[in-house]
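Visitor: Once you've had a glance at the structure underneath, I'll fire off some questions.
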Amino acid sequence: MLTKRTRWGRAAAAVAAGALPCLAFPAPALWWFAYVALVPWMLLLRSAPSGRRAALEGWLGGAGFIVAVHHWLLPSLHVFLIPLAALLGVLWIPWALLVRELLGGAPARGRAAAALVVVPAGWLLSELVRSWQGLGGPWGLLGASQWQVPPALLLASVGGVWMVSLLVVAVNCALVLLIAVPGARAPAVAGVAGCAVLTGAVWLWLPRPEVTGVLRVAVVQPGPVGGADGAERRFDAEERLTLGVVGARPDLVVWGESSVGADLAARPDLSRRLADLSARVGAPLLVNVDARRSDRPGIYKSSLLIGPEGPTGERYDKMRLVPFGEYVPARSVLGWATSVGKAAGEDRMRGAAPVVMDLPGGLRVGPLVCFESAFPDMSRHLAREGASLIVAQSATSTFQESWAPAQHASLAALRAAETGRPVVHATLTGVSVVHGPSGGRIGPALPASTAGAAAVYEVPLASSTTPYARFGNWPAGASLAVLLVYCAARTARAVRSGRPAPEPSGPPARTARG
C-alpha cells in the first residue's frame, strides 16, 4: 500500500509527465521529443498498484497535458482553464488502464505485441473524443507535432494526422518495453522496425502530388493595431500594403481574419475602396468581415471575395466557433466566465455550410476561418468539393507573445499534406505562412514580429487525390475495431475462466538477507 507521501509524489509526477509532450509542439518544436515524451508517463502508469490508481494518474496526466499545450489561453480563460483541463483529463483514463493492463508487471511476448497495437488505439480514442468542437477541438493532437517532418507528412497524406499519432504512440510503447520489460524486447524491436518499414514503404512508393500549375498569392499582414479606431486603421494599413504588391501581379490577394470591421452592405464606402483595390491590383481580394450583418440578426465572421465590381456574392460564414472566445457554451450556466476572463460577451452566429469560391481562370478556393484549420475533416471536404487552394484566415493577436501563433501556423502543413492542396495561412499579426501540396513550406513566413508586411508567393497547384482525401479518417475506424476485438477477447477469456480477468502481475518480490 502506498504511503501518503508516495501517493502525492506519484500524483505530481503524473501531472509533470503528462505535460512533457508540449515541448514537441511549437514554439519549442522539438519534433523528435514526441517519440520519447510519453515514456515517463507510461512507466508511471504501468507501475500503478491498482487500476484505480492508474485511472487517477491517467486523469492527472491528461489534465497536465491540456494545461501545458493550451497554457497560452490563461490570459483569456484565467482559472477556468484548470477545471476545463480537469474535465478533458478524464478522456485519458481508458488509455491509462490499457497501459497498466498490457504493459504492467512482466508481460509475455503476446501481451507485449498486443500492447503495441492496442495502446496507440486507446490514445487515438482520447484524441477523437476531444476533437469534438464542444470540447475544444483537435488542437494539440500528438501527430501534429510532426508538421515539419517530410516522412510524417507523407503518412498524413495516407491516414491524416491520426495515422501519425498512432505511429508516435507505438514508438513510445516500444521504448517502454525495451526499458522495463527485458523479456519483451523482441516484440518491441519488431514494433519499431515495423514503424520504420511502414514509413519507408510510404516514402518510397506513394506518389507525390503532381504540380499542375502555379498561382501567385499575395498575403497581407497589417500587424498589431489597437485603440478605439483600430478597425479603421487596420483597414487603412491593409489597403496601403495591398497597393504595394500591384507591380507583382498576383492572382489573388488574401487578408486575415477580422480584416474588415464593418458589414459591407452597411458601409458602401468600404465596399468601393475594396473594389478599387481589386481593379488596381488586377486580382480578386479574399477578405474577412467580422461585424453585425445588416440583412439578418447577429455577428458573423465571413469570408468574402471582392472583385473590381465589388463583392462577387460568394460568401462563407464561419461554422465552427471557438468555445468561450466566440461563444460561451451553455451561457445560462457558464456566463460567469465573461467576468473572470476575455470570454465572448455575445455569441457569434454560425454559418450553415462550407463554400468553395470560383476565381478567374477556373480555379477554386476554399476558405476556412481561424480555428477551423485545426479540423482535418473541413479541409478534406473543401478538397473533395473541388478547391484548388485552401485559405485559412486567422487572427491570434490576443496571444501575440505566446506559442499560439506558431502552433496555429504549423497546422497548415498538415492540412496541405492530408488533402494534396496548397494551404495559405494568412493572419493579421503573424505567423503567416504558405505550404505546398506535399506540406512543405513555400517561401519565408511572415513572423509575429513583423509590424506590417505583404508578400507574394508562387504557390504550386496539384489536382491528384490523396488516400486520406479519398478514404477519410480510416485510422479511427481501424483503432475502434482493434479496441472492440480486444474487449471481446478479454471478455471471452474472463467468461471461460469463470472469473474476472486477472490483474497484471507485479515485479517479483525481493527478500532482504542479513
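Here's how to read the names in the C-alpha cells: chain A, B, ... by the order shown, residue numbers from 1 in each chain, ligand numbers from 1 in the order shown.
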Please provide as a PyMOL selection string all residues within 8 Å of Leu166 in chain A, with the sequence filter that same-chain residues fewer than 3 positions apart are discarded (counting only C-alpha atoms).
Guide: chain A and resi 120-121+123-124+143+162-163+169-170
Visitor: Taking all heavy atoms for each residue, export the selection above as an mmCIF file, in the first residue's frame.
Guide:
data_model
loop_
_atom_site.group_PDB
_atom_site.id
_atom_site.type_symbol
_atom_site.label_atom_id
_atom_site.label_comp_id
_atom_site.auth_asym_id
_atom_site.auth_seq_id
_atom_site.Cartn_x
_atom_site.Cartn_y
_atom_site.Cartn_z
ATOM 1 N N PRO A 120 -1.706 2.365 -28.661
ATOM 2 C CA PRO A 120 -1.897 3.509 -29.574
ATOM 3 C C PRO A 120 -3.364 3.723 -29.947
ATOM 4 O O PRO A 120 -3.813 4.871 -30.065
ATOM 5 C CB PRO A 120 -1.065 3.120 -30.800
ATOM 6 C CG PRO A 120 -0.013 2.210 -30.265
ATOM 7 C CD PRO A 120 -0.701 1.424 -29.186
ATOM 8 N N ALA A 121 -4.123 2.632 -30.125
ATOM 9 C CA ALA A 121 -5.545 2.777 -30.443
ATOM 10 C C ALA A 121 -6.281 3.456 -29.302
ATOM 11 O O ALA A 121 -7.173 4.297 -29.522
ATOM 12 C CB ALA A 121 -6.154 1.415 -30.744
ATOM 13 N N TRP A 123 -4.967 5.610 -27.182
ATOM 14 C CA TRP A 123 -4.599 7.043 -27.208
ATOM 15 C C TRP A 123 -5.412 7.771 -28.272
ATOM 16 O O TRP A 123 -5.921 8.875 -28.035
ATOM 17 C CB TRP A 123 -3.106 7.194 -27.484
ATOM 18 C CG TRP A 123 -2.673 8.628 -27.595
ATOM 19 C CD1 TRP A 123 -2.756 9.428 -28.698
ATOM 20 C CD2 TRP A 123 -2.138 9.440 -26.547
ATOM 21 N NE1 TRP A 123 -2.299 10.693 -28.420
ATOM 22 C CE2 TRP A 123 -1.904 10.732 -27.094
ATOM 23 C CE3 TRP A 123 -1.822 9.212 -25.213
ATOM 24 C CZ2 TRP A 123 -1.370 11.770 -26.333
ATOM 25 C CZ3 TRP A 123 -1.287 10.248 -24.454
ATOM 26 C CH2 TRP A 123 -1.068 11.510 -25.020
ATOM 27 N N LEU A 124 -5.542 7.159 -29.438
ATOM 28 C CA LEU A 124 -6.276 7.817 -30.510
ATOM 29 C C LEU A 124 -7.740 8.026 -30.124
ATOM 30 O O LEU A 124 -8.353 9.022 -30.522
ATOM 31 C CB LEU A 124 -6.191 7.002 -31.794
ATOM 32 C CG LEU A 124 -6.627 7.748 -33.060
ATOM 33 C CD1 LEU A 124 -5.668 8.884 -33.373
ATOM 34 C CD2 LEU A 124 -6.721 6.811 -34.252
ATOM 35 N N GLY A 143 0.153 13.775 -33.264
ATOM 36 C CA GLY A 143 0.701 13.707 -34.610
ATOM 37 C C GLY A 143 1.006 15.065 -35.205
ATOM 38 O O GLY A 143 1.863 15.185 -36.097
ATOM 39 N N TRP A 162 -4.095 11.554 -37.762
ATOM 40 C CA TRP A 162 -4.425 10.439 -36.882
ATOM 41 C C TRP A 162 -3.422 9.299 -37.043
ATOM 42 O O TRP A 162 -3.017 8.667 -36.048
ATOM 43 C CB TRP A 162 -5.834 9.948 -37.187
ATOM 44 C CG TRP A 162 -6.814 11.047 -37.400
ATOM 45 C CD1 TRP A 162 -7.332 11.470 -38.602
ATOM 46 C CD2 TRP A 162 -7.377 11.897 -36.402
ATOM 47 N NE1 TRP A 162 -8.186 12.518 -38.413
ATOM 48 C CE2 TRP A 162 -8.237 12.811 -37.067
ATOM 49 C CE3 TRP A 162 -7.259 11.973 -35.022
ATOM 50 C CZ2 TRP A 162 -8.963 13.777 -36.399
ATOM 51 C CZ3 TRP A 162 -7.975 12.945 -34.346
ATOM 52 C CH2 TRP A 162 -8.816 13.832 -35.026
ATOM 53 N N MET A 163 -3.030 9.010 -38.263
ATOM 54 C CA MET A 163 -2.071 7.938 -38.510
ATOM 55 C C MET A 163 -0.711 8.285 -37.898
ATOM 56 O O MET A 163 -0.015 7.413 -37.366
ATOM 57 C CB MET A 163 -1.930 7.700 -40.012
ATOM 58 C CG MET A 163 -1.080 6.500 -40.378
ATOM 59 S SD MET A 163 -1.105 6.187 -42.166
ATOM 60 C CE MET A 163 -0.078 4.715 -42.263
ATOM 61 N N VAL A 169 2.789 7.101 -30.813
ATOM 62 C CA VAL A 169 2.486 6.385 -29.566
ATOM 63 C C VAL A 169 3.056 4.969 -29.617
ATOM 64 O O VAL A 169 3.554 4.450 -28.612
ATOM 65 C CB VAL A 169 0.967 6.365 -29.312
ATOM 66 C CG1 VAL A 169 0.661 5.604 -28.015
ATOM 67 C CG2 VAL A 169 0.416 7.779 -29.211
ATOM 68 N N ALA A 170 3.012 4.322 -30.777
ATOM 69 C CA ALA A 170 3.568 2.972 -30.906
ATOM 70 C C ALA A 170 5.066 2.961 -30.601
ATOM 71 O O ALA A 170 5.568 2.043 -29.928
ATOM 72 C CB ALA A 170 3.301 2.434 -32.309
#
Visitor: Quick one: DSSP strand (DSSP E) residues in range 231-469 of chain A, as a VMD selection string?
Guide: chain A and resid 252 to 254 285 to 292 299 to 307 310 to 317 357 to 358 364 to 369 389 to 394 423 to 427 433 to 435 453 to 462
Visitor: Take CA of Trp8 in chain A and CA of Ala55 in chain A and report the distance between them in Å, one decimal.
Guide: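 Taking CA of Trp8 in chain A and CA of Ala55 in chain A, their separation equals 14.8 Å.
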Visitor: Counting only C-alpha atoms, give me one row per residue of range 430-511 of chain A with an atom at most 10 Å from an atom of range 243-259 of chain A, showing the shortest contact pair and its distance in Å to one decimal, sorted by chain then residue number, as JSON lines.
Guide:
{"residue": "A:Gly430", "atom": "CA", "partner": "A:Gly256", "partner_atom": "CA", "distance": 9.5}
{"residue": "A:Ser432", "atom": "CA", "partner": "A:Gly256", "partner_atom": "CA", "distance": 9.0}
{"residue": "A:Ala453", "atom": "CA", "partner": "A:Gly244", "partner_atom": "CA", "distance": 9.4}
{"residue": "A:Ala454", "atom": "CA", "partner": "A:Val245", "partner_atom": "CA", "distance": 7.4}
{"residue": "A:Ala455", "atom": "CA", "partner": "A:Val245", "partner_atom": "CA", "distance": 7.7}
{"residue": "A:Val456", "atom": "CA", "partner": "A:Pro250", "partner_atom": "CA", "distance": 6.9}
{"residue": "A:Tyr457", "atom": "CA", "partner": "A:Pro250", "partner_atom": "CA", "distance": 8.5}
{"residue": "A:Glu458", "atom": "CA", "partner": "A:Pro250", "partner_atom": "CA", "distance": 9.0}
Visitor: Rounded to one decimal place, report the CA of Ala144 in chain A-CA of Pro376 in chain A distance in Å.
Guide: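 That distance, rounded to one decimal, is 11.0 Å.
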Visitor: Would you please extract all alpha helix (DSSP H) residues from range 359-448 of chain A, as assigned by DSSP on the backbone, and give them as an MDAnalysis selection string?
Guide: chainID A and resid 376:384 404:419
Visitor: Looking at only C-alpha atoms, which of A:Ile179, A:Ile390, A:Ala34, A:Val158 is the one that sits closest to Trp203 in chain A?
Guide: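 Among the listed residues, A:Val158 lies closest to Trp203 in chain A.
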Visitor: Mind pulling up the distance from CA of His71 in chain A to CA of Leu87 in chain A?
Guide: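 Taking CA of Leu87 in chain A as the start and CA of His71 in chain A as the end point, the length is 15.6 Å.
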Visitor: Compare A:Ala24, A:Ala476, A:Val168, A:Ala12 by their minimum atom-to-atom distance to Gln148 in chain A, counting only C-alpha atoms, and give me the closest one.
Guide: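 Of A:Ala24, A:Ala476, A:Val168, A:Ala12, the one nearest Gln148 in chain A is A:Ala24, counting only C-alpha atoms.
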Visitor: List every residue of range 134-201 of chain A that has an atom at most 8 Å from any atom of range 437-448 of chain A, giving for each one its closest atom pair and the distance in Å to one decimal, counting only C-alpha atoms, sorted by chain and then by ascending residue number, as JSON lines.
Guide:
{"residue": "A:Trp147", "atom": "CA", "partner": "A:Gly439", "partner_atom": "CA", "distance": 8.0}
{"residue": "A:Gln148", "atom": "CA", "partner": "A:Gly440", "partner_atom": "CA", "distance": 7.6}
{"residue": "A:Pro150", "atom": "CA", "partner": "A:Gly440", "partner_atom": "CA", "distance": 7.5}
{"residue": "A:Leu153", "atom": "CA", "partner": "A:Gly439", "partner_atom": "CA", "distance": 6.4}
{"residue": "A:Leu154", "atom": "CA", "partner": "A:Ser438", "partner_atom": "CA", "distance": 7.3}
Visitor: Keeping only N, CA, C and O atoms, write the selected residues to a file as a PDB file, in the first residue's frame.
Guide:
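Output file part_21.pdb follows:
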ATOM      1  N   TRP A 147       4.751  18.258 -37.906  1.00  0.00           N
ATOM      2  CA  TRP A 147       4.386  19.082 -39.058  1.00  0.00           C
ATOM      3  C   TRP A 147       5.573  19.430 -39.961  1.00  0.00           C
ATOM      4  O   TRP A 147       5.384  19.752 -41.139  1.00  0.00           O
ATOM      5  N   GLN A 148       6.793  19.361 -39.437  1.00  0.00           N
ATOM      6  CA  GLN A 148       7.961  19.739 -40.249  1.00  0.00           C
ATOM      7  C   GLN A 148       8.802  18.534 -40.664  1.00  0.00           C
ATOM      8  O   GLN A 148       9.930  18.701 -41.141  1.00  0.00           O
ATOM      9  N   PRO A 150       9.143  15.549 -43.239  1.00  0.00           N
ATOM     10  CA  PRO A 150       8.579  15.092 -44.520  1.00  0.00           C
ATOM     11  C   PRO A 150       8.013  13.677 -44.503  1.00  0.00           C
ATOM     12  O   PRO A 150       6.916  13.458 -45.031  1.00  0.00           O
ATOM     13  N   LEU A 153       4.650  13.817 -42.869  1.00  0.00           N
ATOM     14  CA  LEU A 153       3.656  14.478 -43.716  1.00  0.00           C
ATOM     15  C   LEU A 153       3.151  13.532 -44.795  1.00  0.00           C
ATOM     16  O   LEU A 153       1.969  13.555 -45.154  1.00  0.00           O
ATOM     17  N   LEU A 154       4.025  12.673 -45.298  1.00  0.00           N
ATOM     18  CA  LEU A 154       3.594  11.695 -46.293  1.00  0.00           C
ATOM     19  C   LEU A 154       2.640  10.682 -45.664  1.00  0.00           C
ATOM     20  O   LEU A 154       1.655  10.267 -46.286  1.00  0.00           O
TER      21      LEU A 154
END
Visitor: What's the 12 Å shell around range 196-198 of chain A, counting only C-alpha atoms, without same-chain residues fewer than 3 positions away, as a PyMOL selection string?
Guide: chain A and resi 151-152+154-155+158+163-164+167-168+170-171+189-193+201-206
Visitor: Convert the current residue selection to file output with all heavy atoms, as a short mmCIF file (atom, residue, chain, number, x, y, z; two decimals), in the first residue's frame.
Guide:
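Saved to result-v2.cif:
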data_model
loop_
_atom_site.label_atom_id
_atom_site.label_comp_id
_atom_site.auth_asym_id
_atom_site.auth_seq_id
_atom_site.Cartn_x
_atom_site.Cartn_y
_atom_site.Cartn_z
N PRO A 151 8.69 12.67 -43.92
CA PRO A 151 8.08 11.33 -43.91
C PRO A 151 6.74 11.30 -43.15
O PRO A 151 5.82 10.59 -43.54
CB PRO A 151 9.13 10.46 -43.23
CG PRO A 151 10.42 11.17 -43.46
CD PRO A 151 10.07 12.63 -43.40
N ALA A 152 6.66 12.07 -42.07
CA ALA A 152 5.42 12.11 -41.31
C ALA A 152 4.31 12.79 -42.11
O ALA A 152 3.14 12.38 -42.05
CB ALA A 152 5.63 12.85 -39.98
N LEU A 154 4.02 12.67 -45.30
CA LEU A 154 3.59 11.69 -46.29
C LEU A 154 2.64 10.68 -45.66
O LEU A 154 1.65 10.27 -46.29
CB LEU A 154 4.81 11.00 -46.89
CG LEU A 154 4.65 10.48 -48.33
CD1 LEU A 154 4.23 11.59 -49.27
CD2 LEU A 154 5.94 9.84 -48.80
N LEU A 155 2.92 10.28 -44.42
CA LEU A 155 1.99 9.41 -43.70
C LEU A 155 0.64 10.10 -43.51
O LEU A 155 -0.42 9.47 -43.59
CB LEU A 155 2.57 9.01 -42.35
CG LEU A 155 3.70 7.99 -42.34
CD1 LEU A 155 4.26 7.83 -40.93
CD2 LEU A 155 3.22 6.64 -42.86
N VAL A 158 -1.76 9.71 -46.17
CA VAL A 158 -2.38 8.38 -46.24
C VAL A 158 -3.50 8.26 -45.21
O VAL A 158 -4.60 7.80 -45.52
CB VAL A 158 -1.33 7.28 -46.01
CG1 VAL A 158 -1.99 5.91 -45.96
CG2 VAL A 158 -0.28 7.32 -47.11
N MET A 163 -3.03 9.01 -38.26
CA MET A 163 -2.07 7.94 -38.51
C MET A 163 -0.71 8.28 -37.90
O MET A 163 -0.01 7.41 -37.37
CB MET A 163 -1.93 7.70 -40.01
CG MET A 163 -1.08 6.50 -40.38
SD MET A 163 -1.10 6.19 -42.17
CE MET A 163 -0.08 4.72 -42.26
N VAL A 164 -0.34 9.55 -37.95
CA VAL A 164 0.93 9.97 -37.37
C VAL A 164 0.88 9.82 -35.86
O VAL A 164 1.85 9.37 -35.23
CB VAL A 164 1.25 11.42 -37.78
CG1 VAL A 164 2.63 11.82 -37.26
CG2 VAL A 164 1.20 11.60 -39.29
N LEU A 167 1.49 6.19 -34.91
CA LEU A 167 2.89 5.78 -35.04
C LEU A 167 3.72 6.33 -33.89
O LEU A 167 4.56 5.61 -33.33
CB LEU A 167 3.44 6.27 -36.38
CG LEU A 167 4.88 5.87 -36.68
CD1 LEU A 167 5.02 5.42 -38.13
CD2 LEU A 167 5.84 7.03 -36.42
N VAL A 168 3.50 7.58 -33.50
CA VAL A 168 4.29 8.19 -32.42
C VAL A 168 4.05 7.43 -31.11
O VAL A 168 4.99 7.14 -30.36
CB VAL A 168 3.94 9.68 -32.27
CG1 VAL A 168 4.58 10.26 -31.01
CG2 VAL A 168 4.40 10.46 -33.49
N ALA A 170 3.01 4.32 -30.78
CA ALA A 170 3.57 2.97 -30.91
C ALA A 170 5.07 2.96 -30.60
O ALA A 170 5.57 2.04 -29.93
CB ALA A 170 3.30 2.43 -32.31
N VAL A 171 5.79 3.98 -31.07
CA VAL A 171 7.23 4.04 -30.79
C VAL A 171 7.47 4.24 -29.29
O VAL A 171 8.35 3.60 -28.69
CB VAL A 171 7.89 5.17 -31.60
CG1 VAL A 171 9.33 5.38 -31.16
CG2 VAL A 171 7.83 4.85 -33.10
N VAL A 189 11.41 -4.50 -30.48
CA VAL A 189 12.26 -4.21 -31.64
C VAL A 189 11.48 -4.42 -32.93
O VAL A 189 11.58 -3.63 -33.88
CB VAL A 189 13.52 -5.10 -31.61
CG1 VAL A 189 14.29 -4.98 -32.92
CG2 VAL A 189 14.39 -4.71 -30.42
N ALA A 190 10.66 -5.47 -32.95
CA ALA A 190 9.83 -5.71 -34.14
C ALA A 190 8.85 -4.57 -34.36
O ALA A 190 8.58 -4.18 -35.51
CB ALA A 190 9.08 -7.03 -33.99
N GLY A 191 8.32 -4.01 -33.28
CA GLY A 191 7.39 -2.89 -33.40
C GLY A 191 8.05 -1.66 -33.99
O GLY A 191 7.51 -1.00 -34.89
N VAL A 192 9.25 -1.32 -33.47
CA VAL A 192 9.97 -0.16 -34.01
C VAL A 192 10.34 -0.41 -35.48
O VAL A 192 10.20 0.49 -36.32
CB VAL A 192 11.24 0.11 -33.17
CG1 VAL A 192 12.09 1.19 -33.82
CG2 VAL A 192 10.86 0.52 -31.76
N ALA A 193 10.78 -1.64 -35.77
CA ALA A 193 11.13 -1.96 -37.16
C ALA A 193 9.90 -1.87 -38.06
O ALA A 193 9.99 -1.39 -39.20
CB ALA A 193 11.73 -3.36 -37.23
N ALA A 201 8.15 2.41 -46.68
CA ALA A 201 7.37 1.96 -47.83
C ALA A 201 6.52 3.10 -48.38
O ALA A 201 6.43 3.29 -49.61
CB ALA A 201 6.48 0.79 -47.42
N VAL A 202 5.90 3.87 -47.49
CA VAL A 202 5.11 5.01 -47.94
C VAL A 202 6.01 6.03 -48.63
O VAL A 202 5.65 6.60 -49.67
CB VAL A 202 4.36 5.64 -46.74
CG1 VAL A 202 3.73 6.97 -47.12
CG2 VAL A 202 3.29 4.69 -46.21
N TRP A 203 7.18 6.26 -48.06
CA TRP A 203 8.11 7.24 -48.63
C TRP A 203 8.58 6.82 -50.03
O TRP A 203 8.68 7.66 -50.94
CB TRP A 203 9.31 7.38 -47.70
CG TRP A 203 10.35 8.36 -48.20
CD1 TRP A 203 11.49 8.09 -48.89
CD2 TRP A 203 10.31 9.78 -48.04
NE1 TRP A 203 12.17 9.23 -49.18
CE2 TRP A 203 11.48 10.29 -48.66
CE3 TRP A 203 9.43 10.66 -47.43
CZ2 TRP A 203 11.76 11.66 -48.69
CZ3 TRP A 203 9.72 12.02 -47.45
CH2 TRP A 203 10.87 12.51 -48.08
N LEU A 204 8.81 5.53 -50.22
CA LEU A 204 9.35 5.06 -51.49
C LEU A 204 8.28 4.92 -52.58
O LEU A 204 8.54 5.19 -53.76
CB LEU A 204 10.06 3.72 -51.30
CG LEU A 204 11.37 3.75 -50.51
CD1 LEU A 204 11.87 2.34 -50.26
CD2 LEU A 204 12.43 4.58 -51.26
N TRP A 205 7.09 4.48 -52.21
CA TRP A 205 6.13 4.07 -53.22
C TRP A 205 4.91 4.98 -53.38
O TRP A 205 4.24 4.91 -54.40
CB TRP A 205 5.65 2.64 -52.93
CG TRP A 205 6.73 1.63 -53.17
CD1 TRP A 205 7.52 1.52 -54.28
CD2 TRP A 205 7.13 0.59 -52.28
NE1 TRP A 205 8.39 0.48 -54.15
CE2 TRP A 205 8.18 -0.13 -52.92
CE3 TRP A 205 6.72 0.17 -51.00
CZ2 TRP A 205 8.81 -1.22 -52.33
CZ3 TRP A 205 7.34 -0.91 -50.43
CH2 TRP A 205 8.38 -1.59 -51.08
N LEU A 206 4.63 5.83 -52.40
CA LEU A 206 3.46 6.69 -52.56
C LEU A 206 3.79 7.85 -53.49
O LEU A 206 4.75 8.59 -53.27
CB LEU A 206 3.00 7.25 -51.21
CG LEU A 206 1.67 7.99 -51.26
CD1 LEU A 206 0.52 7.00 -51.45
CD2 LEU A 206 1.46 8.80 -49.98
#
Visitor: Please, which residues in range 398-454 of chain A fall within 9 Å of range 377-382 of chain A when counting only C-alpha atoms, and what is the closest atom pair and distance in Å to one decimal for each, ordered by chain then residue number, as a Markdown table?
Guide:
| residue | atom | partner | partner_atom | distance |
| --- | --- | --- | --- | --- |
| A:Arg415 | CA | A:Ser379 | CA | 6.5 |
| A:Ala416 | CA | A:Ser379 | CA | 8.5 |
| A:Glu418 | CA | A:Arg380 | CA | 7.4 |
| A:Thr419 | CA | A:Arg380 | CA | 5.7 |
Visitor: Restrict the selected residues to N, CA and C atoms and save them as a PDB file, in the first residue's frame.
Guide:
ATOM      1  N   ARG A 415      -2.679  20.153 -42.996  1.00  0.00           N
ATOM      2  CA  ARG A 415      -3.864  20.200 -43.857  1.00  0.00           C
ATOM      3  C   ARG A 415      -3.463  20.099 -45.330  1.00  0.00           C
ATOM      4  N   ALA A 416      -2.321  20.682 -45.689  1.00  0.00           N
ATOM      5  CA  ALA A 416      -1.856  20.586 -47.072  1.00  0.00           C
ATOM      6  C   ALA A 416      -1.482  19.143 -47.413  1.00  0.00           C
ATOM      7  N   GLU A 418      -2.462  16.367 -45.982  1.00  0.00           N
ATOM      8  CA  GLU A 418      -3.635  15.489 -45.955  1.00  0.00           C
ATOM      9  C   GLU A 418      -4.456  15.580 -47.234  1.00  0.00           C
ATOM     10  N   THR A 419      -4.605  16.783 -47.752  1.00  0.00           N
ATOM     11  CA  THR A 419      -5.505  16.999 -48.890  1.00  0.00           C
ATOM     12  C   THR A 419      -4.803  17.003 -50.232  1.00  0.00           C
TER      13      THR A 419
END
Visitor: Can you list, as an MDAnalysis selection string, every protein, DNA or RNA residue that comes within 12 Å of Pro284 in chain A when you count only C-alpha atoms, leaving out same-chain residues fewer than 6 positions away?
Guide: chainID A and resid 216:218 242 249:255 274:278 304:312 314 357:361 365
Visitor: Give me, as a PDB file with N, CA and C atoms, in the first residue's frame, all polymer residues having an atom no more than 6 Å from Val391 in chain A, counting only C-alpha atoms and skipping those fewer than 6 positions away in the same chain.
Guide:
ATOM      1  N   PRO A 367     -12.258  28.652 -48.376  1.00  0.00           N
ATOM      2  CA  PRO A 367     -11.836  29.394 -47.183  1.00  0.00           C
ATOM      3  C   PRO A 367     -12.190  28.677 -45.879  1.00  0.00           C
ATOM      4  N   VAL A 423      -1.984  25.239 -48.948  1.00  0.00           N
ATOM      5  CA  VAL A 423      -2.725  25.954 -47.910  1.00  0.00           C
ATOM      6  C   VAL A 423      -2.029  27.278 -47.623  1.00  0.00           C
ATOM      7  N   VAL A 424      -2.809  28.349 -47.677  1.00  0.00           N
ATOM      8  CA  VAL A 424      -2.330  29.684 -47.314  1.00  0.00           C
ATOM      9  C   VAL A 424      -2.898  30.027 -45.949  1.00  0.00           C
TER      10      VAL A 424
END
Visitor: Env of Phe471 in chain A: 9 Å cut, atoms = only C-alpha atoms, seq-sep filter 4 positions within chain, self excluded. Answer as JSON, numbers by chain.
Guide: {"A": [158, 159, 466, 467]}
Visitor: Could the residues in this selection be saved with all heavy atoms as a PDB file, in the first residue's frame?
Guide:
ATOM      1  N   VAL A 158      -1.761   9.711 -46.174  1.00  0.00           N
ATOM      2  CA  VAL A 158      -2.382   8.382 -46.238  1.00  0.00           C
ATOM      3  C   VAL A 158      -3.503   8.256 -45.211  1.00  0.00           C
ATOM      4  O   VAL A 158      -4.604   7.796 -45.524  1.00  0.00           O
ATOM      5  CB  VAL A 158      -1.334   7.283 -46.012  1.00  0.00           C
ATOM      6  CG1 VAL A 158      -1.994   5.906 -45.957  1.00  0.00           C
ATOM      7  CG2 VAL A 158      -0.279   7.322 -47.110  1.00  0.00           C
ATOM      8  N   GLY A 159      -3.228   8.656 -43.976  1.00  0.00           N
ATOM      9  CA  GLY A 159      -4.212   8.471 -42.904  1.00  0.00           C
ATOM     10  C   GLY A 159      -4.433   9.684 -42.038  1.00  0.00           C
ATOM     11  O   GLY A 159      -4.940   9.557 -40.920  1.00  0.00           O
ATOM     12  N   THR A 466      -5.258  12.480 -52.523  1.00  0.00           N
ATOM     13  CA  THR A 466      -4.508  11.688 -51.556  1.00  0.00           C
ATOM     14  C   THR A 466      -5.390  10.565 -51.012  1.00  0.00           C
ATOM     15  O   THR A 466      -6.627  10.660 -51.028  1.00  0.00           O
ATOM     16  CB  THR A 466      -4.033  12.554 -50.381  1.00  0.00           C
ATOM     17  OG1 THR A 466      -5.188  13.046 -49.677  1.00  0.00           O
ATOM     18  CG2 THR A 466      -3.195  13.737 -50.861  1.00  0.00           C
ATOM     19  N   PRO A 467      -4.775   9.493 -50.478  1.00  0.00           N
ATOM     20  CA  PRO A 467      -5.584   8.448 -49.841  1.00  0.00           C
ATOM     21  C   PRO A 467      -6.455   8.981 -48.713  1.00  0.00           C
ATOM     22  O   PRO A 467      -7.599   8.552 -48.544  1.00  0.00           O
ATOM     23  CB  PRO A 467      -4.532   7.456 -49.321  1.00  0.00           C
ATOM     24  CG  PRO A 467      -3.373   7.632 -50.254  1.00  0.00           C
ATOM     25  CD  PRO A 467      -3.351   9.099 -50.589  1.00  0.00           C
TER      26      PRO A 467
END
Visitor: Name the closest residue to Ala85 in chain A among the candidates A:Leu177, A:Val219, A:Leu116, A:Ala19; distances are taken between atoms, counting only C-alpha atoms.
Guide: A:Ala19
Visitor: Please list as a PyMOL selection string every residue within 10 Å of Pro405 in chain A, counting only C-alpha atoms and excluding residues in the same chain fewer than 3 positions away.
Guide: chain A and resi 26-27+394-402+408-410+427+429-432+447-448
Visitor: Which one is closest to Ala266 in chain A: A:Asp295, A:Glu210, A:Glu57, A:Asp347? Count only C-alpha atoms.
Guide: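 Closest to Ala266 in chain A, using only C-alpha atoms: A:Asp295.
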Visitor: Would you mind telling me which residue in A:Leu411, A:Leu91, A:Val482, A:Val287 lies nearest to Val433 in chain A when using only C-alpha atoms?
Guide: A:Leu411
Visitor: For a quick check of understanding, using only C-alpha atoms, which of A:Ala478, A:Arg490, A:Asp290, A:Arg421 has the smallest distance to Leu102 in chain A?
Guide: A:Arg490
